[in-house]
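Worksheet for the structure shown next.
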Amino acid sequence: MNRNNIWIHVGLATVLIVFAAVLGQIERWKTALNTPSETRAIKRLEEKKLASVTWKTSPEVIVRFKPGVTIEQIRAIASANHDTLSDEIESVNGLAVIDDLDNAPAQSVVAQYSAMSNVAYAEPNYEIKLDDPIQKVETRDGLYRESAADAPNDPLFNEQWALNNSGADGGTERADLDALKAWETTKGSDEVVVAVLDSGVDYTHVDLVSNMWKRPANVPAYTDDELGSFNDINGYDGTAGDAEIRDPMDDNGHGTHCAGIIGAEGDNGEGIAGINWKVKIMPLKFLGRGGFGSTNDAIEAINYAIDRKKNGVNVRIISASWGSTSKSKALEDTIRAAGDAGILFVAAAGNDGSDNDRRPHYPSNYDLPNVISVAALDRTDHLASFSNFGVKTVHVAAPGKAIVSTWLGGDYREASGTSMATPYVSGVAALIIANEPRISMKNLRERIIKTADKLESLEGKVVSGGRICAANSLGNIVKSHTHD
């Protein structure tokens, strides 16, 4: 045989061997795919990402296992699929955050876990970002007006139309929360803790420092089996990764602004007055400098608040000035668990100018007995142009346009959004608790909705048909004060 023929035969033999090997591998794949097992790792297929939804790359999925599945079994299932258990959400039985070590697409990992018979549901770890409207500073009429005789001495109080509307700057006189009347009953209590689920809080701000929560000496430091132990002396920070120090200092500004609305110290000769002159604000930081976080981050922060409540901290309210159109069963279950622990959850209705009855916005649209959804009003008692609404799904409205409050670095800033309306509702809830410490969460929610000032502009727009009224809520009365 000549040399050329030898090489031809060698080449043909090589091709046949490779072809046989490929056929054999295909048969092994078929056999593996037909083998039923909850813990066998299955090949994760590429799936197209929905254009309207984004999710975090790590951890990828949140899974709720059915009753009876132990945490040891969850770890084994994750390990068999080349995944790790990132966190167990202790407040919700069977809820786990799973991190895929193969970096497969989130939807593929979701599909894999959803197919397991011992899984109730699985979902991507959705991204959450602040969605406040474009901020525009309103023009002022420049006219001097005397402060009310019973007004606090805070220099910017005259600009706080939400608390006492004098009709300045194109506003409607008394289109406000009737704060001066409410303060005749109570100005708040440092026994009431309001958790601000946001970008953190500047807890050194001169107008906030005296009303910031600090972990009491008799409450143990927070410990989580997966996240570890850390010093939560100033609250919770879910943005620090594996850092030993979890510092909820705000580096965005949004959370600080919301905190000031709830509880900037009143009558201290500084800046503004919160609706509560006395209160304790607990930062739950889950949004970073750019205003981004995830469902998992929010869930872990709420889980922390529930844990602190069980350890004796009087957390009564969580104020949530953010949202998205992505519905998360895991977040809903965690908020439900907060309700079971007696915590009211106040949520912004959103800033798309849309009807939440038709286009749901979460978490405000969760139909839970501890959720209050909040729309925003301007200084004339009309729904702000950016505010979402919904006669079935948005419960009340509150001032939310051109709101002056605390900002980073000891500063003050005007901002607009349902983000600003939400802490006014949280703040009124805290006032009610200060006056009636034993009021139940159910009755607290009903009180806020039932005692709203009825407004023609809100008919067919929100469940209550009105704007919250601090004085009405404290007196448990239904009365319009706008034209008294």
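Naming scheme: A, B, ... for chains in displayed order of the structure tokens; residues 1 onward per chain; ligands 1 onward as shown.
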
Near stretch 315-323 of chain A, 12 Å: stretch 260-297 of chain A residue rows, closest pairs, only C-alpha atoms, as a Markdown table:
| residue | atom | partner | partner_atom | distance |
| --- | --- | --- | --- | --- |
| A:Ile261 | CA | A:Ser319 | CA | 11.2 |
| A:Ile262 | CA | A:Ser319 | CA | 9.3 |
| A:Val279 | CA | A:Val315 | CA | 11.1 |
| A:Lys280 | CA | A:Val315 | CA | 9.2 |
| A:Ile281 | CA | A:Val315 | CA | 9.4 |
| A:Met282 | CA | A:Val315 | CA | 8.4 |
| A:Pro283 | CA | A:Ile318 | CA | 9.9 |
| A:Leu284 | CA | A:Ile318 | CA | 9.1 |
| A:Lys285 | CA | A:Ala320 | CA | 11.0 |
| A:Phe286 | CA | A:Ala320 | CA | 10.9 |
| A:Leu287 | CA | A:Trp322 | CA | 9.8 |
| A:Gly291 | CA | A:Trp322 | CA | 9.7 |
| A:Phe292 | CA | A:Trp322 | CA | 10.3 |
| A:Gly293 | CA | A:Trp322 | CA | 10.4 |
| A:Ser294 | CA | A:Gly323 | CA | 10.5 |
| A:Thr295 | CA | A:Gly323 | CA | 10.0 |

Could you pull the residues within 12 Å of A:Glu436, counting only C-alpha atoms, minus those fewer than 3 positions along the same chain, as a ChimeraX atom specification? /A:185-186,188-189,191-192,429-433,439-441,443-444,447,473-476

Selection to disk with N, CA and C atoms, as an mmCIF file, in the first residue's frame:
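And here is the file that came out, result19.cif:
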data_model
loop_
_atom_site.group_PDB
_atom_site.id
_atom_site.type_symbol
_atom_site.label_atom_id
_atom_site.label_comp_id
_atom_site.auth_asym_id
_atom_site.auth_seq_id
_atom_site.Cartn_x
_atom_site.Cartn_y
_atom_site.Cartn_z
ATOM 1 N N THR A 185 -52.472 66.803 70.768
ATOM 2 C CA THR A 185 -52.699 65.501 71.429
ATOM 3 C C THR A 185 -51.388 64.795 71.717
ATOM 4 N N THR A 186 -50.528 64.689 70.718
ATOM 5 C CA THR A 186 -49.224 64.048 70.903
ATOM 6 C C THR A 186 -48.259 64.527 69.822
ATOM 7 N N GLY A 188 -45.546 62.525 69.366
ATOM 8 C CA GLY A 188 -44.799 61.303 69.123
ATOM 9 C C GLY A 188 -44.208 60.722 70.386
ATOM 10 N N SER A 189 -43.512 59.603 70.221
ATOM 11 C CA SER A 189 -42.920 58.902 71.362
ATOM 12 C C SER A 189 -41.666 58.173 70.916
ATOM 13 N N GLU A 191 -40.709 55.587 72.149
ATOM 14 C CA GLU A 191 -40.968 54.165 72.347
ATOM 15 C C GLU A 191 -41.433 53.484 71.057
ATOM 16 N N VAL A 192 -41.741 54.284 70.036
ATOM 17 C CA VAL A 192 -42.255 53.758 68.765
ATOM 18 C C VAL A 192 -41.116 53.706 67.751
ATOM 19 N N ALA A 429 -49.137 57.062 61.296
ATOM 20 C CA ALA A 429 -49.317 55.785 61.996
ATOM 21 C C ALA A 429 -48.531 55.768 63.301
ATOM 22 N N ALA A 430 -47.308 56.305 63.275
ATOM 23 C CA ALA A 430 -46.487 56.358 64.487
ATOM 24 C C ALA A 430 -47.111 57.270 65.536
ATOM 25 N N LEU A 431 -47.712 58.381 65.109
ATOM 26 C CA LEU A 431 -48.402 59.268 66.049
ATOM 27 C C LEU A 431 -49.555 58.548 66.741
ATOM 28 N N ILE A 432 -50.325 57.792 65.960
ATOM 29 C CA ILE A 432 -51.452 57.049 66.533
ATOM 30 C C ILE A 432 -50.958 56.065 67.588
ATOM 31 N N ILE A 433 -49.871 55.353 67.279
ATOM 32 C CA ILE A 433 -49.325 54.379 68.224
ATOM 33 C C ILE A 433 -48.803 55.081 69.472
ATOM 34 N N ILE A 439 -52.819 49.735 70.371
ATOM 35 C CA ILE A 439 -53.672 49.565 69.198
ATOM 36 C C ILE A 439 -53.124 48.441 68.320
ATOM 37 N N SER A 440 -53.992 47.601 67.808
ATOM 38 C CA SER A 440 -53.556 46.479 66.965
ATOM 39 C C SER A 440 -53.190 46.980 65.575
ATOM 40 N N MET A 441 -52.420 46.186 64.874
ATOM 41 C CA MET A 441 -52.043 46.541 63.512
ATOM 42 C C MET A 441 -53.281 46.654 62.631
ATOM 43 N N ASN A 443 -56.399 47.437 63.511
ATOM 44 C CA ASN A 443 -57.142 48.653 63.824
ATOM 45 C C ASN A 443 -56.386 49.909 63.407
ATOM 46 N N LEU A 444 -55.079 49.851 63.474
ATOM 47 C CA LEU A 444 -54.254 50.981 63.040
ATOM 48 C C LEU A 444 -54.471 51.263 61.557
ATOM 49 N N ARG A 447 -57.951 52.616 60.939
ATOM 50 C CA ARG A 447 -58.074 53.984 61.423
ATOM 51 C C ARG A 447 -57.556 54.985 60.388
ATOM 52 N N SER A 473 -57.164 61.102 62.631
ATOM 53 C CA SER A 473 -56.695 59.772 63.024
ATOM 54 C C SER A 473 -56.526 59.670 64.528
ATOM 55 N N LEU A 474 -55.985 60.709 65.140
ATOM 56 C CA LEU A 474 -55.795 60.683 66.584
ATOM 57 C C LEU A 474 -57.120 60.740 67.327
ATOM 58 N N GLY A 475 -58.080 61.473 66.759
ATOM 59 C CA GLY A 475 -59.382 61.574 67.406
ATOM 60 C C GLY A 475 -60.350 60.495 67.014
ATOM 61 N N ASN A 476 -59.924 59.654 66.041
ATOM 62 C CA ASN A 476 -60.779 58.580 65.518
ATOM 63 C C ASN A 476 -62.126 59.146 65.053
#

Considering only C-alpha atoms, state which residue in the set A:Ala120, A:Ala341, A:Ala415, A:Val193 is at the smallest distance from A:Pro437. A:Val193

I want to know what sits within 7 Å of stretch 202-215 of chain A, based on only C-alpha atoms, with residues of the same chain fewer than 6 positions away left out; could you give that as a PyMOL selection string? chain A and resi 232-235+249-250+256+260+263-265+270-271+278-282+408-410

Selection above as a file: C-alpha atoms, as a PDB file, in the first residue's frame:
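Below is the file again23.pdb, written as the result:
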ATOM      1  CA  ASP A 232     -26.258  46.247  63.999  1.00  0.00           C
ATOM      2  CA  ILE A 233     -25.902  49.075  66.495  1.00  0.00           C
ATOM      3  CA  ASN A 234     -27.323  51.602  63.987  1.00  0.00           C
ATOM      4  CA  GLY A 235     -29.643  49.303  62.037  1.00  0.00           C
ATOM      5  CA  MET A 249     -25.281  55.220  56.504  1.00  0.00           C
ATOM      6  CA  ASP A 250     -27.110  56.656  53.507  1.00  0.00           C
ATOM      7  CA  THR A 256     -32.622  60.336  54.632  1.00  0.00           C
ATOM      8  CA  GLY A 260     -36.922  63.435  57.965  1.00  0.00           C
ATOM      9  CA  GLY A 263     -39.204  62.081  62.389  1.00  0.00           C
ATOM     10  CA  ALA A 264     -36.970  65.128  62.060  1.00  0.00           C
ATOM     11  CA  GLU A 265     -36.749  66.565  65.562  1.00  0.00           C
ATOM     12  CA  GLU A 270     -32.963  73.367  63.142  1.00  0.00           C
ATOM     13  CA  GLY A 271     -34.271  72.870  59.613  1.00  0.00           C
ATOM     14  CA  LYS A 278     -40.118  62.184  68.945  1.00  0.00           C
ATOM     15  CA  VAL A 279     -39.771  58.712  67.409  1.00  0.00           C
ATOM     16  CA  LYS A 280     -37.113  56.102  66.754  1.00  0.00           C
ATOM     17  CA  ILE A 281     -36.104  55.565  63.121  1.00  0.00           C
ATOM     18  CA  MET A 282     -34.506  52.227  62.258  1.00  0.00           C
ATOM     19  CA  LEU A 408     -27.058  64.111  53.208  1.00  0.00           C
ATOM     20  CA  GLY A 409     -24.337  66.070  54.959  1.00  0.00           C
ATOM     21  CA  GLY A 410     -26.676  67.971  57.268  1.00  0.00           C
TER      22      GLY A 410
END

Work out how far atom CA of A:Thr325 is from atom CA of A:Asp378, in Å to one decimal.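 The value is 24.3 Å.
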
Tell me, as a ChimeraX atom specification, which residues lie within 7 Å of A:Ile98, counting only C-alpha atoms; anything in the same chain fewer than 2 positions away does not count. /A:59-62,83-86,96,100

Tell me which of A:Ala452, A:Lys129, A:Gly339, A:Lys310 sits closest to A:Tyr362, counting only C-alpha atoms.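 For A:Tyr362, the nearest of the given residues is A:Lys129.
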
With distances taken over only C-alpha atoms, which residue among A:Thr380, A:Thr239, A:Thr393, A:Ser373 lies nearest A:Asp169?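 Checking each candidate against A:Asp169, we get A:Thr380 as the closest.
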
Got a sec: who's within 12 Å of stretch 328-330 of chain A, counting only C-alpha atoms, leaving out chain neighbours fewer than 6 positions off, as a PyMOL selection string? chain A and resi 53+55+61-65+88-89+91-97+120-128+294-300+302-303+336-337+360-367

For A:Leu180: contacts at 10 Å, only C-alpha atoms, fewer than 6 positions along chain excluded, given as a ChimeraX atom specification: /A:148-152,163-164,187,275,470-471

Rounded to one decimal in Å, what is the spacing between atom CA of A:Leu377 and atom CA of A:Asn268?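 If I compute the distance from atom CA of A:Leu377 to atom CA of A:Asn268, I get 27.8 Å.
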
Would you compute the distance between atom CA of A:Asn153 and atom CA of A:Gly266? Give it in Å to one decimal. 7.9 Å

Pick from A:Arg289, A:Ser416, A:Trp183, A:Asn103 nearest to A:Asn472, counting only C-alpha atoms: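 Using only C-alpha atoms, A:Asn472 sits closest to A:Trp183.
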
Could you check the closest approach to A:Ala338 for each of A:Pro369, A:Gly353, A:Gly312, A:Pro423 and tell me which residue wins, using only C-alpha atoms?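 Closest to A:Ala338, using only C-alpha atoms: A:Pro369.
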
If you run DSSP on the backbone here, which positions in stretch 246-391 of chain A get helix (DSSP H, G or I)? Please write them as a compact mmCIF listing (two decimals) with C-alpha atoms, in the first residue's frame.
# COMPACT_ATOMS: atom_id res chain seq x y z
CA HIS A 254 -33.47 59.12 49.36
CA GLY A 255 -33.77 57.29 52.67
CA THR A 256 -32.62 60.34 54.63
CA HIS A 257 -35.29 62.47 52.96
CA CYS A 258 -37.99 59.94 53.87
CA ALA A 259 -36.69 59.67 57.44
CA GLY A 260 -36.92 63.43 57.97
CA ILE A 261 -40.58 63.46 56.93
CA ILE A 262 -41.32 60.82 59.56
CA GLY A 263 -39.20 62.08 62.39
CA THR A 295 -35.93 41.46 45.88
CA ASN A 296 -33.58 39.35 47.96
CA ASP A 297 -32.04 42.46 49.54
CA ALA A 298 -35.48 43.78 50.52
CA ILE A 299 -36.58 40.39 51.87
CA GLU A 300 -33.49 40.02 54.04
CA ALA A 301 -33.99 43.53 55.45
CA ILE A 302 -37.64 42.80 56.33
CA ASN A 303 -36.54 39.49 57.84
CA TYR A 304 -34.13 41.48 60.04
CA ALA A 305 -36.93 43.80 61.21
CA ILE A 306 -39.11 40.81 62.12
CA ASP A 307 -36.21 39.28 64.06
CA ARG A 308 -35.66 42.52 65.99
CA LYS A 309 -39.38 42.66 66.79
CA LYS A 310 -39.22 39.12 68.18
CA LYS A 329 -44.35 35.84 45.70
CA ALA A 330 -41.35 35.66 48.02
CA LEU A 331 -41.54 39.37 48.84
CA GLU A 332 -45.30 39.06 49.34
CA ASP A 333 -44.84 36.15 51.74
CA THR A 334 -42.20 38.08 53.72
CA ILE A 335 -44.43 41.16 54.01
CA ARG A 336 -47.23 38.84 55.15
CA ALA A 337 -44.87 37.49 57.83
CA ALA A 338 -44.22 41.08 58.95
CA GLY A 339 -47.98 41.50 59.32
CA ASP A 340 -48.16 38.32 61.37

So that I can see what lies close to A:Arg359, please list as a PyMOL selection string the residues with an atom at most 10 Å from it, counting only C-alpha atoms and leaving out residues fewer than 3 positions away in the same chain. chain A and resi 325+354-356+365+388+390
